[in-house]
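A.B. asks: The structure file query_3.cif (mmCIF, C-alpha atoms and all ligand atoms) is provided below.
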data_entry
loop_
_atom_site.group_PDB
_atom_site.id
_atom_site.type_symbol
_atom_site.label_atom_id
_atom_site.label_comp_id
_atom_site.auth_asym_id
_atom_site.auth_seq_id
_atom_site.Cartn_x
_atom_site.Cartn_y
_atom_site.Cartn_z
ATOM 1 C CA MET Q 1 -37.648 18.164 -11.987
ATOM 2 C CA THR Q 2 -34.017 17.684 -12.926
ATOM 3 C CA ASP Q 3 -31.611 20.540 -13.430
ATOM 4 C CA ASP Q 4 -29.786 19.808 -16.690
ATOM 5 C CA THR Q 5 -27.563 22.843 -16.234
ATOM 6 C CA ALA Q 6 -26.121 21.604 -12.915
ATOM 7 C CA ALA Q 7 -22.358 21.023 -13.143
ATOM 8 C CA PRO Q 8 -21.353 17.378 -12.757
ATOM 9 C CA ARG Q 9 -20.090 16.568 -9.255
ATOM 10 C CA ALA Q 10 -16.330 17.031 -9.039
ATOM 11 C CA VAL Q 11 -14.495 13.721 -8.614
ATOM 12 C CA THR Q 12 -11.289 15.260 -7.265
ATOM 13 C CA ARG Q 13 -10.433 17.970 -4.763
ATOM 14 C CA LEU Q 14 -7.357 20.132 -5.084
ATOM 15 C CA GLU Q 15 -5.622 21.950 -2.235
ATOM 16 C CA ILE Q 16 -2.515 24.026 -2.760
ATOM 17 C CA ASP Q 17 -0.243 24.889 0.134
ATOM 18 C CA GLY Q 18 2.659 27.038 -1.066
ATOM 19 C CA ASP Q 19 4.350 24.992 -3.775
ATOM 20 C CA ILE Q 20 2.775 21.647 -2.794
ATOM 21 C CA ALA Q 21 -0.494 20.475 -4.365
ATOM 22 C CA THR Q 22 -2.654 17.757 -2.816
ATOM 23 C CA LEU Q 23 -5.005 16.069 -5.252
ATOM 24 C CA THR Q 24 -7.652 13.904 -3.566
ATOM 25 C CA PHE Q 25 -9.823 11.323 -5.319
ATOM 26 C CA ASP Q 26 -13.299 12.269 -4.112
ATOM 27 C CA ARG Q 27 -15.620 9.336 -4.922
ATOM 28 C CA ALA Q 28 -15.593 7.785 -1.476
ATOM 29 C CA ASP Q 29 -19.067 6.279 -1.985
ATOM 30 C CA LYS Q 30 -17.598 4.219 -4.841
ATOM 31 C CA ARG Q 31 -14.288 3.582 -3.064
ATOM 32 C CA ASN Q 32 -12.691 6.005 -5.550
ATOM 33 C CA ALA Q 33 -13.208 3.576 -8.422
ATOM 34 C CA MET Q 34 -11.585 5.063 -11.516
ATOM 35 C CA ASN Q 35 -14.338 6.109 -13.912
ATOM 36 C CA ASP Q 36 -13.739 8.146 -17.058
ATOM 37 C CA ALA Q 37 -14.349 11.406 -15.170
ATOM 38 C CA LEU Q 38 -11.603 10.539 -12.669
ATOM 39 C CA ILE Q 39 -9.149 9.578 -15.412
ATOM 40 C CA ASP Q 40 -10.021 12.849 -17.203
ATOM 41 C CA ALA Q 41 -9.420 14.798 -13.971
ATOM 42 C CA LEU Q 42 -5.957 13.218 -13.604
ATOM 43 C CA ASP Q 43 -5.271 13.982 -17.258
ATOM 44 C CA ALA Q 44 -6.293 17.640 -16.843
ATOM 45 C CA PHE Q 45 -4.255 18.139 -13.672
ATOM 46 C CA PHE Q 46 -1.043 16.470 -14.820
ATOM 47 C CA SER Q 47 -1.236 17.930 -18.356
ATOM 48 C CA ALA Q 48 -1.204 21.465 -16.958
ATOM 49 C CA PRO Q 49 -0.177 21.505 -13.287
ATOM 50 C CA PRO Q 50 -0.856 24.798 -11.512
ATOM 51 C CA GLU Q 51 1.906 27.385 -11.879
ATOM 52 C CA GLY Q 52 4.420 27.349 -9.032
ATOM 53 C CA VAL Q 53 3.701 23.799 -7.844
ATOM 54 C CA ASN Q 54 6.884 21.806 -7.200
ATOM 55 C CA ALA Q 55 5.519 18.546 -5.734
ATOM 56 C CA VAL Q 56 2.194 16.704 -5.696
ATOM 57 C CA ILE Q 57 0.516 14.491 -3.119
ATOM 58 C CA LEU Q 58 -2.068 12.015 -4.426
ATOM 59 C CA ARG Q 59 -4.565 10.436 -2.013
ATOM 60 C CA GLY Q 60 -8.090 9.043 -1.758
ATOM 61 C CA GLU Q 61 -10.978 10.323 0.362
ATOM 62 C CA GLY Q 62 -12.851 7.969 2.686
ATOM 63 C CA GLY Q 63 -10.174 5.460 3.643
ATOM 64 C CA HIS Q 64 -9.531 3.974 0.187
ATOM 65 C CA PHE Q 65 -6.960 5.115 -2.375
ATOM 66 C CA CYS Q 66 -8.691 3.599 -5.415
ATOM 67 C CA ALA Q 67 -10.704 0.405 -6.014
ATOM 68 C CA GLY Q 68 -9.542 0.181 -9.638
ATOM 69 C CA LEU Q 69 -11.441 0.450 -12.869
ATOM 70 C CA ASP Q 70 -15.068 1.496 -12.363
ATOM 71 C CA LEU Q 71 -16.731 -1.826 -13.151
ATOM 72 C CA ALA Q 72 -20.193 -0.233 -13.283
ATOM 73 C CA GLU Q 73 -19.152 2.030 -16.164
ATOM 74 C CA HIS Q 74 -17.405 -0.807 -17.925
ATOM 75 C CA GLU Q 75 -19.079 -1.436 -21.219
ATOM 76 C CA HIS Q 76 -18.626 -4.102 -23.809
ATOM 77 C CA ARG Q 77 -16.105 -2.684 -26.241
ATOM 78 C CA ALA Q 78 -14.954 -3.731 -29.668
ATOM 79 C CA PRO Q 79 -11.311 -4.868 -29.515
ATOM 80 C CA VAL Q 80 -10.002 -1.666 -31.090
ATOM 81 C CA ALA Q 81 -11.949 0.493 -28.619
ATOM 82 C CA GLY Q 82 -10.474 -1.626 -25.821
ATOM 83 C CA VAL Q 83 -6.983 -0.860 -27.095
ATOM 84 C CA HIS Q 84 -7.765 2.878 -27.116
ATOM 85 C CA HIS Q 85 -9.216 2.710 -23.592
ATOM 86 C CA SER Q 86 -6.109 0.973 -22.279
ATOM 87 C CA ARG Q 87 -3.779 3.303 -24.203
ATOM 88 C CA ASN Q 88 -5.537 6.279 -22.636
ATOM 89 C CA TRP Q 89 -4.744 4.894 -19.153
ATOM 90 C CA HIS Q 90 -1.143 4.447 -20.310
ATOM 91 C CA ARG Q 91 -0.996 8.044 -21.523
ATOM 92 C CA VAL Q 92 -2.397 9.398 -18.256
ATOM 93 C CA SER Q 93 -0.156 7.241 -16.062
ATOM 94 C CA ASP Q 94 2.836 8.327 -18.154
ATOM 95 C CA LEU Q 95 1.788 11.928 -17.459
ATOM 96 C CA ILE Q 96 1.886 11.136 -13.730
ATOM 97 C CA GLU Q 97 5.254 9.378 -13.931
ATOM 98 C CA PHE Q 98 6.982 11.594 -16.503
ATOM 99 C CA GLY Q 99 4.947 14.816 -16.378
ATOM 100 C CA GLY Q 100 7.771 16.642 -14.614
ATOM 101 C CA LEU Q 101 6.502 16.879 -11.029
ATOM 102 C CA PRO Q 102 7.511 14.522 -8.220
ATOM 103 C CA VAL Q 103 4.375 12.702 -7.014
ATOM 104 C CA ILE Q 104 3.934 11.178 -3.562
ATOM 105 C CA SER Q 105 0.993 8.853 -2.941
ATOM 106 C CA VAL Q 106 -0.718 8.137 0.370
ATOM 107 C CA LEU Q 107 -2.037 4.594 0.097
ATOM 108 C CA THR Q 108 -4.977 3.518 2.265
ATOM 109 C CA GLY Q 109 -7.569 0.753 1.936
ATOM 110 C CA ALA Q 110 -8.133 -0.469 -1.593
ATOM 111 C CA VAL Q 111 -5.135 -0.122 -3.898
ATOM 112 C CA ILE Q 112 -6.680 -2.587 -6.263
ATOM 113 C CA GLY Q 113 -6.322 -3.271 -9.993
ATOM 114 C CA GLY Q 114 -6.188 0.096 -11.729
ATOM 115 C CA GLY Q 115 -5.641 1.682 -8.302
ATOM 116 C CA LEU Q 116 -2.335 -0.157 -8.067
ATOM 117 C CA GLU Q 117 -1.540 0.866 -11.637
ATOM 118 C CA ILE Q 118 -2.038 4.539 -10.739
ATOM 119 C CA ALA Q 119 -0.122 4.125 -7.462
ATOM 120 C CA THR Q 120 2.890 2.595 -9.211
ATOM 121 C CA SER Q 121 3.009 5.601 -11.550
ATOM 122 C CA THR Q 122 3.850 7.748 -8.508
ATOM 123 C CA HIS Q 123 7.420 8.193 -7.302
ATOM 124 C CA VAL Q 124 7.127 7.886 -3.532
ATOM 125 C CA ARG Q 125 4.532 5.526 -2.053
ATOM 126 C CA ILE Q 126 3.473 5.560 1.602
ATOM 127 C CA ALA Q 127 1.251 2.736 2.879
ATOM 128 C CA GLU Q 128 -0.991 2.851 5.946
ATOM 129 C CA PRO Q 129 -1.990 -0.365 7.777
ATOM 130 C CA SER Q 130 -5.414 -0.497 6.050
ATOM 131 C CA VAL Q 131 -3.793 -0.976 2.636
ATOM 132 C CA ARG Q 132 -4.854 -3.870 0.475
ATOM 133 C CA PHE Q 133 -2.773 -4.368 -2.687
ATOM 134 C CA GLN Q 134 -4.582 -6.699 -5.048
ATOM 135 C CA LEU Q 135 -4.867 -7.551 -8.752
ATOM 136 C CA PRO Q 136 -8.278 -9.310 -8.961
ATOM 137 C CA GLU Q 137 -8.629 -9.076 -12.752
ATOM 138 C CA GLY Q 138 -8.753 -12.867 -13.075
ATOM 139 C CA ARG Q 139 -11.925 -12.923 -10.921
ATOM 140 C CA ARG Q 140 -13.509 -10.239 -13.095
ATOM 141 C CA GLY Q 141 -12.731 -12.027 -16.358
ATOM 142 C CA ILE Q 142 -10.391 -9.311 -17.568
ATOM 143 C CA PHE Q 143 -6.662 -8.539 -17.606
ATOM 144 C CA VAL Q 144 -4.623 -5.601 -16.371
ATOM 145 C CA GLY Q 145 -4.690 -2.752 -18.889
ATOM 146 C CA GLY Q 146 -3.487 0.355 -17.095
ATOM 147 C CA GLY Q 147 0.241 -0.357 -17.156
ATOM 148 C CA ALA Q 148 0.613 -3.042 -14.473
ATOM 149 C CA THR Q 149 2.460 -5.534 -16.677
ATOM 150 C CA VAL Q 150 5.237 -2.974 -16.973
ATOM 151 C CA ARG Q 151 5.105 -1.015 -13.696
ATOM 152 C CA VAL Q 152 4.012 -3.689 -11.215
ATOM 153 C CA GLY Q 153 5.845 -6.360 -13.231
ATOM 154 C CA ARG Q 154 9.117 -4.496 -12.928
ATOM 155 C CA ILE Q 155 8.704 -3.974 -9.200
ATOM 156 C CA LEU Q 156 7.618 -7.520 -8.330
ATOM 157 C CA GLY Q 157 9.059 -9.416 -11.294
ATOM 158 C CA ALA Q 158 6.794 -11.298 -13.724
ATOM 159 C CA ASP Q 159 6.943 -14.455 -11.591
ATOM 160 C CA ARG Q 160 5.559 -12.892 -8.415
ATOM 161 C CA MET Q 161 3.053 -10.768 -10.319
ATOM 162 C CA ARG Q 162 1.759 -13.871 -12.075
ATOM 163 C CA GLU Q 163 1.245 -15.630 -8.756
ATOM 164 C CA MET Q 164 -0.445 -12.506 -7.319
ATOM 165 C CA MET Q 165 -2.860 -12.402 -10.276
ATOM 166 C CA LEU Q 166 -3.509 -16.145 -10.463
ATOM 167 C CA THR Q 167 -4.416 -16.480 -6.790
ATOM 168 C CA GLY Q 168 -5.888 -12.958 -6.393
ATOM 169 C CA ARG Q 169 -4.085 -12.691 -3.084
ATOM 170 C CA ASN Q 170 -4.013 -9.525 -0.946
ATOM 171 C CA TYR Q 171 -0.808 -7.964 0.186
ATOM 172 C CA GLY Q 172 -0.772 -5.592 3.157
ATOM 173 C CA ALA Q 173 1.442 -2.591 3.886
ATOM 174 C CA GLU Q 174 4.361 -4.535 5.355
ATOM 175 C CA ASP Q 175 4.307 -7.006 2.436
ATOM 176 C CA GLY Q 176 4.172 -4.062 0.058
ATOM 177 C CA LEU Q 177 7.141 -2.471 1.776
ATOM 178 C CA ARG Q 178 9.154 -5.680 1.558
ATOM 179 C CA MET Q 179 8.357 -6.131 -2.146
ATOM 180 C CA GLY Q 180 8.710 -2.499 -3.225
ATOM 181 C CA LEU Q 181 5.046 -1.658 -3.862
ATOM 182 C CA ALA Q 182 5.448 0.845 -1.022
ATOM 183 C CA HIS Q 183 8.534 2.746 0.115
ATOM 184 C CA TYR Q 184 7.207 3.509 3.610
ATOM 185 C CA ALA Q 185 4.796 1.668 5.923
ATOM 186 C CA VAL Q 186 3.399 3.981 8.601
ATOM 187 C CA GLY Q 187 0.699 3.947 11.291
ATOM 188 C CA GLU Q 188 -2.971 4.793 10.762
ATOM 189 C CA GLY Q 189 -3.350 8.476 9.870
ATOM 190 C CA GLU Q 190 0.397 9.008 9.521
ATOM 191 C CA GLY Q 191 0.491 8.842 5.718
ATOM 192 C CA LEU Q 192 -0.507 12.420 4.894
ATOM 193 C CA PRO Q 193 1.806 14.075 7.465
ATOM 194 C CA LEU Q 194 4.749 12.011 6.155
ATOM 195 C CA ALA Q 195 3.753 12.819 2.567
ATOM 196 C CA ARG Q 196 3.836 16.547 3.409
ATOM 197 C CA GLU Q 197 7.238 16.203 5.034
ATOM 198 C CA LEU Q 198 8.663 14.275 2.076
ATOM 199 C CA ALA Q 199 7.039 16.602 -0.467
ATOM 200 C CA ARG Q 200 8.804 19.530 1.224
ATOM 201 C CA LYS Q 201 12.170 17.737 0.993
ATOM 202 C CA VAL Q 202 11.691 16.746 -2.630
ATOM 203 C CA ALA Q 203 10.455 20.220 -3.623
ATOM 204 C CA ASP Q 204 13.551 21.757 -2.037
ATOM 205 C CA ASN Q 205 15.917 19.696 -4.229
ATOM 206 C CA ALA Q 206 17.528 21.224 -7.284
ATOM 207 C CA PRO Q 207 14.835 21.117 -10.029
ATOM 208 C CA PHE Q 208 17.172 19.738 -12.682
ATOM 209 C CA SER Q 209 18.395 16.985 -10.330
ATOM 210 C CA ASN Q 210 14.750 15.986 -9.696
ATOM 211 C CA TYR Q 211 14.172 16.077 -13.437
ATOM 212 C CA LEU Q 212 17.029 13.664 -14.055
ATOM 213 C CA MET Q 213 15.944 11.300 -11.265
ATOM 214 C CA ILE Q 214 12.425 11.110 -12.667
ATOM 215 C CA GLN Q 215 13.260 11.045 -16.380
ATOM 216 C CA ALA Q 216 16.634 9.340 -16.600
ATOM 217 C CA LEU Q 217 16.480 6.527 -14.039
ATOM 218 C CA PRO Q 218 13.560 4.505 -15.487
ATOM 219 C CA ARG Q 219 14.828 5.076 -19.020
ATOM 220 C CA ILE Q 220 18.329 3.914 -18.135
ATOM 221 C CA ALA Q 221 16.763 0.833 -16.527
ATOM 222 C CA ASP Q 222 15.328 0.007 -19.977
ATOM 223 C CA MET Q 223 18.736 0.344 -21.676
ATOM 224 C CA SER Q 224 21.632 -2.011 -22.088
ATOM 225 C CA ARG Q 225 24.431 -1.607 -19.539
ATOM 226 C CA GLY Q 226 26.677 0.238 -22.001
ATOM 227 C CA ASP Q 227 23.958 2.603 -23.209
ATOM 228 C CA GLY Q 228 22.888 3.253 -19.615
ATOM 229 C CA LEU Q 229 26.381 4.182 -18.475
ATOM 230 C CA PHE Q 230 26.877 6.468 -21.476
ATOM 231 C CA THR Q 231 23.532 8.182 -20.810
ATOM 232 C CA GLU Q 232 24.520 8.577 -17.156
ATOM 233 C CA SER Q 233 27.689 10.401 -18.239
ATOM 234 C CA LEU Q 234 25.667 12.832 -20.369
ATOM 235 C CA ALA Q 235 23.196 13.410 -17.540
ATOM 236 C CA THR Q 236 25.868 14.008 -14.940
ATOM 237 C CA ALA Q 237 27.784 16.420 -17.176
ATOM 238 C CA MET Q 238 24.608 18.432 -17.733
ATOM 239 C CA SER Q 239 23.811 18.466 -14.013
ATOM 240 C CA GLN Q 240 27.323 19.541 -13.062
ATOM 241 C CA THR Q 241 27.178 22.560 -15.329
ATOM 242 C CA SER Q 242 23.651 23.596 -14.250
ATOM 243 C CA ASP Q 243 22.631 26.546 -12.044
ATOM 244 C CA GLY Q 244 21.627 23.984 -9.426
ATOM 245 C CA ALA Q 245 25.179 22.675 -9.158
ATOM 246 C CA ARG Q 246 26.531 26.218 -8.759
ATOM 247 C CA GLU Q 247 24.086 26.909 -5.907
ATOM 248 C CA GLY Q 248 24.336 23.445 -4.296
ATOM 249 C CA LEU Q 249 28.130 23.453 -4.166
ATOM 250 C CA ARG Q 250 28.363 27.101 -3.040
ATOM 251 C CA ALA Q 251 25.785 26.516 -0.273
ATOM 252 C CA PHE Q 252 27.759 23.522 0.999
ATOM 253 C CA LEU Q 253 30.988 25.529 1.169
ATOM 254 C CA GLU Q 254 29.216 28.494 2.807
ATOM 255 C CA LYS Q 255 27.664 26.105 5.380
ATOM 256 C CA ARG Q 256 24.049 27.105 4.591
ATOM 257 C CA PRO Q 257 21.048 25.246 3.105
ATOM 258 C CA PRO Q 258 20.820 25.589 -0.688
ATOM 259 C CA ASN Q 259 18.064 27.704 -2.203
ATOM 260 C CA PHE Q 260 17.395 26.481 -5.729
ATOM 261 C CA ARG Q 261 14.262 28.480 -6.433
ATOM 262 C CA LYS Q 262 15.435 32.058 -5.949
HETATM 263 C C1 LIG Z 301 -17.235 -0.027 -7.202
HETATM 264 C C2 LIG Z 301 -15.927 -0.518 -7.326
HETATM 265 C C3 LIG Z 301 -15.393 -0.623 -8.633
HETATM 266 C C4 LIG Z 301 -16.427 -0.481 -5.238
HETATM 267 N N1 LIG Z 301 -16.174 -0.254 -9.660
HETATM 268 N N2 LIG Z 301 -17.956 0.333 -8.253
HETATM 269 N N3 LIG Z 301 -11.651 -3.482 -8.936
HETATM 270 C C5 LIG Z 301 -12.152 -4.446 -8.148
HETATM 271 O O1 LIG Z 301 -12.424 -5.555 -8.558
HETATM 272 C C6 LIG Z 301 -12.431 -4.055 -6.730
HETATM 273 C C7 LIG Z 301 -13.929 -4.088 -6.481
HETATM 274 N N4 LIG Z 301 -14.277 -3.549 -5.172
HETATM 275 C C8 LIG Z 301 -14.124 -4.260 -4.038
HETATM 276 O O2 LIG Z 301 -13.555 -5.348 -3.993
HETATM 277 C C9 LIG Z 301 -14.689 -3.652 -2.785
HETATM 278 O O3 LIG Z 301 -15.661 -2.671 -3.155
HETATM 279 C C10 LIG Z 301 -13.638 -2.955 -1.882
HETATM 280 C C11 LIG Z 301 -12.751 -4.021 -1.244
HETATM 281 C C12 LIG Z 301 -12.798 -1.954 -2.649
HETATM 282 C C13 LIG Z 301 -14.378 -2.141 -0.765
HETATM 283 O O4 LIG Z 301 -15.293 -2.988 -0.086
HETATM 284 P P1 LIG Z 301 -16.429 -2.321 0.827
HETATM 285 O O5 LIG Z 301 -17.168 -3.470 1.473
HETATM 286 O O6 LIG Z 301 -15.850 -1.265 1.702
HETATM 287 O O7 LIG Z 301 -17.405 -1.538 -0.159
HETATM 288 P P2 LIG Z 301 -18.500 -2.130 -1.195
HETATM 289 O O8 LIG Z 301 -19.812 -2.227 -0.508
HETATM 290 O O9 LIG Z 301 -18.002 -3.333 -1.912
HETATM 291 O O10 LIG Z 301 -18.546 -0.933 -2.265
HETATM 292 C C14 LIG Z 301 -19.129 0.329 -1.970
HETATM 293 C C15 LIG Z 301 -19.669 0.898 -3.255
HETATM 294 O O11 LIG Z 301 -18.589 1.137 -4.146
HETATM 295 C C16 LIG Z 301 -20.604 -0.091 -3.984
HETATM 296 O O12 LIG Z 301 -21.536 0.665 -4.696
HETATM 297 P P3 LIG Z 301 -23.067 0.792 -4.178
HETATM 298 O O13 LIG Z 301 -23.727 1.636 -5.224
HETATM 299 O O14 LIG Z 301 -23.568 -0.624 -4.093
HETATM 300 O O15 LIG Z 301 -22.973 1.469 -2.827
HETATM 301 C C17 LIG Z 301 -19.666 -0.761 -4.978
HETATM 302 O O16 LIG Z 301 -20.326 -1.281 -6.105
HETATM 303 C C18 LIG Z 301 -18.772 0.426 -5.361
HETATM 304 N N5 LIG Z 301 -17.506 -0.016 -5.895
HETATM 305 N N6 LIG Z 301 -15.443 -0.791 -6.097
HETATM 306 C C19 LIG Z 301 -17.415 0.211 -9.465
HETATM 307 N N7 LIG Z 301 -14.148 -1.051 -8.869
HETATM 308 C C20 LIG Z 301 -7.249 -0.323 -16.596
HETATM 309 S S1 LIG Z 301 -7.694 -1.866 -16.267
HETATM 310 C C21 LIG Z 301 -7.838 -2.002 -14.564
HETATM 311 C C22 LIG Z 301 -8.593 -3.246 -14.239
HETATM 312 C C23 LIG Z 301 -9.090 -3.194 -12.830
HETATM 313 O O17 LIG Z 301 -8.941 -2.226 -12.123
HETATM 314 S S2 LIG Z 301 -9.874 -4.616 -12.296
HETATM 315 C C24 LIG Z 301 -10.148 -4.363 -10.596
HETATM 316 C C25 LIG Z 301 -11.435 -3.633 -10.325
#
Produce structure tokens that represent the structure in this file.
C.D. replies:
Amino acid sequence: MTDDTAAPRAVTRLEIDGDIATLTFDRADKRNAMNDALIDALDAFFSAPPEGVNAVILRGEGGHFCAGLDLAEHEHRAPVAGVHHSRNWHRVSDLIEFGGLPVISVLTGAVIGGGLEIATSTHVRIAEPSVRFQLPEGRRGIFVGGGATVRVGRILGADRMREMMLTGRNYGAEDGLRMGLAHYAVGEGEGLPLARELARKVADNAPFSNYLMIQALPRIADMSRGDGLFTESLATAMSQTSDGAREGLRAFLEKRPPNFRK
């Protein structure tokens, strides 16, 4: 007999330690392949992060970050439905990148296809030796649809991304570090401890400075040189007159660490 009232199995696990949240993809049996439930869980978390959280760590259970789009749930879609499906991934990855919280990812095992698209929406990326960065869409008869042309393309450049997709090659942690897919390459099991350390540092920054780093930098990168410099002037003037600047400058002169969240 089946129990129709049973709640569906959770696909993520959330732990909160002070002001740092750790969100873990919890579909290890499917290598954390991104099905609709997992995308919905990311949407729910980043649309309304828990009160008091100042930094987020994103990781995968079972040795893999994420094996990309769940190919078993993939269904034949009419073109318009395909556009909506892809646009939903774009909306959710924009929530991760621009939702307001700094996000640090711990990358292990598969960081493949959509897994790489989610990873490149995060702001600090730590790779363990097991990492395998890959865009195998060409072998699956599809194309990237979760933001890789923009996010991965801007990190690698269109030329290198094209070669990566055409040949389906794997890049490891050191390659990823060299090319910018990762910011840190660490030993086995060292990703989460480093993520916690970095999350603490980032969460202790002035909130408005973090806001500007996350919101202004990628936007300025999309602007012309003149527009970018003008926008920088506006951003810096706002930061210099903020509460954070008052506390940061006073703390420096008083030879004490700043406390921005009093
Ligand atoms: C999956 C998926 C998945 C694993 N969708 N079920 N992504 C890919 O093309 C990557 C496909 N996966 C793999 O290449 C391998 O599974 C891994 C290298 C990640 C791991 O290999 P391994 O040997 O440890 O595990 P496995 O035996 O291949 O997989 C274990 C189970 O996870 C198995 O299910 P089971 O029911 O047979 O036990 C697999 O079917 C399942 N599994 N990956 C569904 N991706 C917005 S557009 C984005 C486009 C893309 O992301 S394309 C790239 C998709």
A.B. asks: Please return as a list in words the residues found within 6 Å of ligand LIG 301 (chain Z), counting all atoms listed in the file.
C.D. replies: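 For ligand LIG 301 (chain Z), the residues inside 6 Å are Asp29, Lys30, Arg31, Ala33, Ala67, Gly68, Leu69, Asp70, Leu71, Ala72, Ser86, Ala110, Ile112, Gly113, Gly114, Pro136, Glu137, Val144, Gly145 and Gly146 of chain Q.
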A.B. asks: Name the residues that the PyMOL selection byres (((chain Q and resi 54-61) around 8) and not hetatm) picks from the file above, as an mmCIF file with C-alpha atoms, keeping the file's coordinate frame, using the file's chain letters and numbers.
C.D. replies:
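For reference, selection_27.cif as written:
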data_model
loop_
_atom_site.group_PDB
_atom_site.id
_atom_site.type_symbol
_atom_site.label_atom_id
_atom_site.label_comp_id
_atom_site.auth_asym_id
_atom_site.auth_seq_id
_atom_site.Cartn_x
_atom_site.Cartn_y
_atom_site.Cartn_z
ATOM 1 C CA ASP Q 19 4.350 24.992 -3.775
ATOM 2 C CA ILE Q 20 2.775 21.647 -2.794
ATOM 3 C CA ALA Q 21 -0.494 20.475 -4.365
ATOM 4 C CA THR Q 22 -2.654 17.757 -2.816
ATOM 5 C CA LEU Q 23 -5.005 16.069 -5.252
ATOM 6 C CA THR Q 24 -7.652 13.904 -3.566
ATOM 7 C CA PHE Q 25 -9.823 11.323 -5.319
ATOM 8 C CA ASP Q 26 -13.299 12.269 -4.112
ATOM 9 C CA ARG Q 27 -15.620 9.336 -4.922
ATOM 10 C CA ALA Q 28 -15.593 7.785 -1.476
ATOM 11 C CA ASN Q 32 -12.691 6.005 -5.550
ATOM 12 C CA GLY Q 52 4.420 27.349 -9.032
ATOM 13 C CA VAL Q 53 3.701 23.799 -7.844
ATOM 14 C CA GLY Q 62 -12.851 7.969 2.686
ATOM 15 C CA GLY Q 63 -10.174 5.460 3.643
ATOM 16 C CA HIS Q 64 -9.531 3.974 0.187
ATOM 17 C CA PHE Q 65 -6.960 5.115 -2.375
ATOM 18 C CA CYS Q 66 -8.691 3.599 -5.415
ATOM 19 C CA LEU Q 101 6.502 16.879 -11.029
ATOM 20 C CA PRO Q 102 7.511 14.522 -8.220
ATOM 21 C CA VAL Q 103 4.375 12.702 -7.014
ATOM 22 C CA ILE Q 104 3.934 11.178 -3.562
ATOM 23 C CA SER Q 105 0.993 8.853 -2.941
ATOM 24 C CA VAL Q 106 -0.718 8.137 0.370
ATOM 25 C CA LEU Q 107 -2.037 4.594 0.097
ATOM 26 C CA THR Q 108 -4.977 3.518 2.265
ATOM 27 C CA ALA Q 195 3.753 12.819 2.567
ATOM 28 C CA ARG Q 196 3.836 16.547 3.409
ATOM 29 C CA ALA Q 199 7.039 16.602 -0.467
ATOM 30 C CA ARG Q 200 8.804 19.530 1.224
ATOM 31 C CA VAL Q 202 11.691 16.746 -2.630
ATOM 32 C CA ALA Q 203 10.455 20.220 -3.623
#
A.B. asks: So which residues get picked by the PyMOL selection byres (((chain Q and resi 235-240) around 10) and not hetatm) here, written as a PyMOL selection string?
C.D. replies: chain Q and resi 206+208-209+211-213+216+229-234+241-246+249
A.B. asks: Take the residues just selected and output them with C-alpha atoms as a PDB file, keeping the file's coordinate frame.
C.D. replies:
ATOM      1  CA  ALA Q 206      17.528  21.224  -7.284  1.00  0.00           C
ATOM      2  CA  PHE Q 208      17.172  19.738 -12.682  1.00  0.00           C
ATOM      3  CA  SER Q 209      18.395  16.985 -10.330  1.00  0.00           C
ATOM      4  CA  TYR Q 211      14.172  16.077 -13.437  1.00  0.00           C
ATOM      5  CA  LEU Q 212      17.029  13.664 -14.055  1.00  0.00           C
ATOM      6  CA  MET Q 213      15.944  11.300 -11.265  1.00  0.00           C
ATOM      7  CA  ALA Q 216      16.634   9.340 -16.600  1.00  0.00           C
ATOM      8  CA  LEU Q 229      26.381   4.182 -18.475  1.00  0.00           C
ATOM      9  CA  PHE Q 230      26.877   6.468 -21.476  1.00  0.00           C
ATOM     10  CA  THR Q 231      23.532   8.182 -20.810  1.00  0.00           C
ATOM     11  CA  GLU Q 232      24.520   8.577 -17.156  1.00  0.00           C
ATOM     12  CA  SER Q 233      27.689  10.401 -18.239  1.00  0.00           C
ATOM     13  CA  LEU Q 234      25.667  12.832 -20.369  1.00  0.00           C
ATOM     14  CA  THR Q 241      27.178  22.560 -15.329  1.00  0.00           C
ATOM     15  CA  SER Q 242      23.651  23.596 -14.250  1.00  0.00           C
ATOM     16  CA  ASP Q 243      22.631  26.546 -12.044  1.00  0.00           C
ATOM     17  CA  GLY Q 244      21.627  23.984  -9.426  1.00  0.00           C
ATOM     18  CA  ALA Q 245      25.179  22.675  -9.158  1.00  0.00           C
ATOM     19  CA  ARG Q 246      26.531  26.218  -8.759  1.00  0.00           C
ATOM     20  CA  LEU Q 249      28.130  23.453  -4.166  1.00  0.00           C
TER      21      LEU Q 249
END
A.B. asks: Just want the 12 Å neighbourhood of Arg178 (chain Q), counted on all atoms listed in the file, with same-chain residues fewer than 6 positions away dropped. Output as a PyMOL selection string.
C.D. replies: chain Q and resi 127+155-156+171-172+184-185
A.B. asks: Given the PyMOL selection byres (((chain Q and resi 166) around 12) and not hetatm) and the file above, list the residues it selects as a list in words.
C.D. replies: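 Written out, the selection comes to Gln134, Leu135, Pro136, Glu137, Gly138, Arg139, Arg140, Gly141, Phe143, Ala158, Asp159, Arg160, Met161, Arg162, Glu163, Met164, Met165, Thr167, Gly168, Arg169 and Asn170 of chain Q.
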A.B. asks: Counting only C-alpha atoms, which residue out of Q:Ala44, Q:Ala10, Q:Val152, Q:Ile16 sits closest to Ala182 (chain Q)?
C.D. replies: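 Ranking Q:Ala44, Q:Ala10, Q:Val152, Q:Ile16 by distance to Ala182 (chain Q), first place goes to Q:Val152.
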A.B. asks: Of the residues Q:Glu97, Q:Ser121, Q:Pro258, Q:Ile126, which is the one nearest to Glu190 (chain Q), using all atoms listed in the file?
C.D. replies: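 Of Q:Glu97, Q:Ser121, Q:Pro258, Q:Ile126, the one nearest Glu190 (chain Q) is Q:Ile126, counting all atoms listed in the file.
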A.B. asks: Quote the spacing between CA of Phe133 (chain Q) and CA of Gly191 (chain Q) in Å to one decimal place.
C.D. replies: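 According to the coordinates, CA of Phe133 (chain Q) and CA of Gly191 (chain Q) are separated by 16.0 Å.
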